[in-house]
Amino acid sequence: MKKSLLISALAAAILLVGVVAYATADPITITATGTPLTATDTVTVSADISPLMTLTVTAPDTGQTVAFGTVAPGDTPTKNVGLEVKSNLAYDLTASTTGSDAAMGLTTSGIAVSGAAATASQPYTDTYALDVPWTTAPGNYTAQVTYTLMEH
């Protein structure tokens with residue numbers, strides 16, 4: 001009995017899928033009329049476009065880092081980080097710094113974009129600069145720059 005019920009349920013499901021698949025087709029036959037004979041029809045195209053935003057960050061050194069190496073007080077090296085935004089929405093792009101940025105004298109050129117228009121590709125460059133203070137004790141210091149891309 002269970003086997004018979006399962007087979008009946010499976011057959012009904014297959015039949016339902018077949019009916020739904022057939023029901024989605026909507027053929028229309030247009031008869032040509034007039035002189036010269038003419039037949040026309042219109043097909044409506046629709047799509048639900050989803051929102052999409054991507055941020056690509058390209059650091060100059062391996063491991064997604066900006067490695068200045070050994071620097072001394074008074075040194076002022078710079079390096080660039082590349083960013084690319086792709087978005088079908090208006091967007092904001094910001095950067096925030098945490099860690100030992102003050103001890104290293106780290107500054108960035110300051111990515112701050114508000115209400116940018118949708119774009120297939122928009123490049124940005126963030127320049128990192130060190131100006132090591134004489135008051136910073138010798139040691140190994142690190143800081144993090146976090147980029148945030150969000151819908152405007």
# chains A, B, ... in the order shown; residues from 1 in each chain; ligands from 1

call {"tool": "closest_atom_pairs", "arguments": {"of": "range 27-71 of chain A", "to": "range 79-93 of chain A", "cutoff": "9 Å", "atoms": "only C-alpha atoms", "output": "JSON lines"}}
result
{"residue": "A:Ser50", "atom": "CA", "partner": "A:Asn88", "partner_atom": "CA", "distance": 8.8}
{"residue": "A:Pro51", "atom": "CA", "partner": "A:Asn88", "partner_atom": "CA", "distance": 6.3}
{"residue": "A:Leu52", "atom": "CA", "partner": "A:Ser87", "partner_atom": "CA", "distance": 5.7}
{"residue": "A:Met53", "atom": "CA", "partner": "A:Ser87", "partner_atom": "CA", "distance": 4.2}
{"residue": "A:Thr54", "atom": "CA", "partner": "A:Lys86", "partner_atom": "CA", "distance": 5.2}
{"residue": "A:Leu55", "atom": "CA", "partner": "A:Val85", "partner_atom": "CA", "distance": 4.8}
{"residue": "A:Thr56", "atom": "CA", "partner": "A:Glu84", "partner_atom": "CA", "distance": 5.1}
{"residue": "A:Val57", "atom": "CA", "partner": "A:Leu83", "partner_atom": "CA", "distance": 4.6}
{"residue": "A:Thr58", "atom": "CA", "partner": "A:Gly82", "partner_atom": "CA", "distance": 4.9}
{"residue": "A:Ala59", "atom": "CA", "partner": "A:Val81", "partner_atom": "CA", "distance": 4.9}
{"residue": "A:Pro60", "atom": "CA", "partner": "A:Val81", "partner_atom": "CA", "distance": 6.3}
{"residue": "A:Val66", "atom": "CA", "partner": "A:Lys79", "partner_atom": "CA", "distance": 7.2}
{"residue": "A:Ala67", "atom": "CA", "partner": "A:Lys79", "partner_atom": "CA", "distance": 8.8}
{"residue": "A:Phe68", "atom": "CA", "partner": "A:Lys79", "partner_atom": "CA", "distance": 8.2}

call {"tool": "write_last_selection", "arguments": {"atoms": "N, CA and C atoms", "output": "short mmCIF file (atom, residue, chain, number, x, y, z; two decimals), in the first residue's frame"}}
result
data_model
loop_
_atom_site.label_atom_id
_atom_site.label_comp_id
_atom_site.auth_asym_id
_atom_site.auth_seq_id
_atom_site.Cartn_x
_atom_site.Cartn_y
_atom_site.Cartn_z
N SER A 50 19.08 42.59 -9.70
CA SER A 50 19.43 42.68 -8.29
C SER A 50 20.51 43.73 -8.06
N PRO A 51 20.54 44.29 -6.85
CA PRO A 51 21.59 45.25 -6.52
C PRO A 51 22.93 44.54 -6.39
N LEU A 52 23.98 45.21 -6.83
CA LEU A 52 25.31 44.62 -6.72
C LEU A 52 26.34 45.72 -6.54
N MET A 53 27.19 45.53 -5.54
CA MET A 53 28.30 46.46 -5.28
C MET A 53 29.54 45.62 -5.02
N THR A 54 30.66 45.98 -5.66
CA THR A 54 31.92 45.30 -5.37
C THR A 54 33.01 46.33 -5.11
N LEU A 55 33.89 45.99 -4.21
CA LEU A 55 35.05 46.81 -3.90
C LEU A 55 36.28 45.93 -4.03
N THR A 56 37.19 46.33 -4.90
CA THR A 56 38.46 45.61 -5.06
C THR A 56 39.57 46.50 -4.53
N VAL A 57 40.33 45.99 -3.56
CA VAL A 57 41.43 46.73 -2.96
C VAL A 57 42.73 46.05 -3.37
N THR A 58 43.65 46.82 -3.94
CA THR A 58 44.93 46.27 -4.38
C THR A 58 46.06 46.97 -3.63
N ALA A 59 46.62 46.25 -2.65
CA ALA A 59 47.75 46.78 -1.88
C ALA A 59 49.04 46.53 -2.66
N PRO A 60 50.06 47.36 -2.44
CA PRO A 60 51.28 47.24 -3.24
C PRO A 60 52.18 46.06 -2.86
N VAL A 66 50.83 47.02 3.11
CA VAL A 66 51.68 48.13 2.72
C VAL A 66 52.87 48.05 3.66
N ALA A 67 53.97 47.50 3.16
CA ALA A 67 55.15 47.25 4.00
C ALA A 67 56.21 48.31 3.70
N PHE A 68 56.42 49.20 4.66
CA PHE A 68 57.41 50.26 4.48
C PHE A 68 58.82 49.80 4.85
#

call {"tool": "residues_around", "arguments": {"residues": "Asp101 in chain A", "least_positions_apart": "6", "cutoff": "10 Å", "atoms": "only C-alpha atoms", "output": "list in words"}}
result
Thr107, Thr108, Leu130, Val132, Tyr141, Thr142, Ala143, Gln144 and Val145 of chain A

call {"tool": "write_last_selection", "arguments": {"atoms": "C-alpha atoms", "output": "compact mmCIF listing (two decimals), in the first residue's frame"}}
result
# COMPACT_ATOMS: atom_id res chain seq x y z
CA THR A 107 48.35 59.46 7.07
CA THR A 108 46.26 58.52 4.05
CA LEU A 130 54.68 57.95 6.97
CA VAL A 132 57.79 59.00 11.79
CA TYR A 141 54.30 49.05 14.65
CA THR A 142 51.21 48.16 12.65
CA ALA A 143 47.99 49.90 11.72
CA GLN A 144 44.94 48.89 9.74
CA VAL A 145 42.97 50.87 7.18

call {"tool": "select_by_dssp", "arguments": {"residues": "range 96-134 of chain A", "states": "strand (DSSP E or B)", "output": "MDAnalysis selection string"}}
result
chainID A and resid 96:99 107:108 112:116 119:129

call {"tool": "closest_residue", "arguments": {"among": "A:Ala118, A:Ala112, A:Leu37, A:Met104", "to": "Pro133 in chain A", "atoms": "only C-alpha atoms"}}
result
A:Met104

call {"tool": "closest_residue", "arguments": {"among": "A:Leu106, A:Ile111, A:Ala116, A:Ala72", "to": "Trp134 in chain A", "atoms": "only C-alpha atoms"}}
result
A:Ala72

call {"tool": "select_by_dssp", "arguments": {"residues": "range 7-137 of chain A", "states": "helix (DSSP H, G or I)", "output": "PyMOL selection string"}}
result
chain A and resi 7-24+101-104

call {"tool": "write_last_selection", "arguments": {"atoms": "C-alpha atoms", "output": "compact mmCIF listing (two decimals), in the first residue's frame"}}
result
# COMPACT_ATOMS: atom_id res chain seq x y z
CA ILE A 7 4.23 5.84 -6.85
CA SER A 8 0.88 7.64 -7.19
CA ALA A 9 2.26 10.74 -5.44
CA LEU A 10 5.36 10.71 -7.66
CA ALA A 11 3.24 10.35 -10.81
CA ALA A 12 1.03 13.26 -9.70
CA ALA A 13 4.11 15.45 -9.07
CA ILE A 14 5.53 14.67 -12.51
CA LEU A 15 2.17 15.42 -14.13
CA LEU A 16 1.93 18.73 -12.23
CA VAL A 17 5.44 19.78 -13.33
CA GLY A 18 4.54 18.91 -16.92
CA VAL A 19 1.34 20.96 -16.77
CA VAL A 20 3.13 23.96 -15.23
CA ALA A 21 5.92 23.78 -17.83
CA TYR A 22 3.36 23.61 -20.64
CA ALA A 23 1.25 26.36 -19.09
CA THR A 24 4.15 28.85 -19.21
CA ASP A 101 48.88 55.04 13.02
CA ALA A 102 49.87 57.98 15.24
CA ALA A 103 53.09 56.31 16.44
CA MET A 104 54.15 55.74 12.81

call {"tool": "residues_around", "arguments": {"residues": "Asp131 in chain A", "least_positions_apart": "5", "cutoff": "8 Å", "atoms": "only C-alpha atoms", "output": "number ranges by chain"}}
result
A: 73-77, 104-106
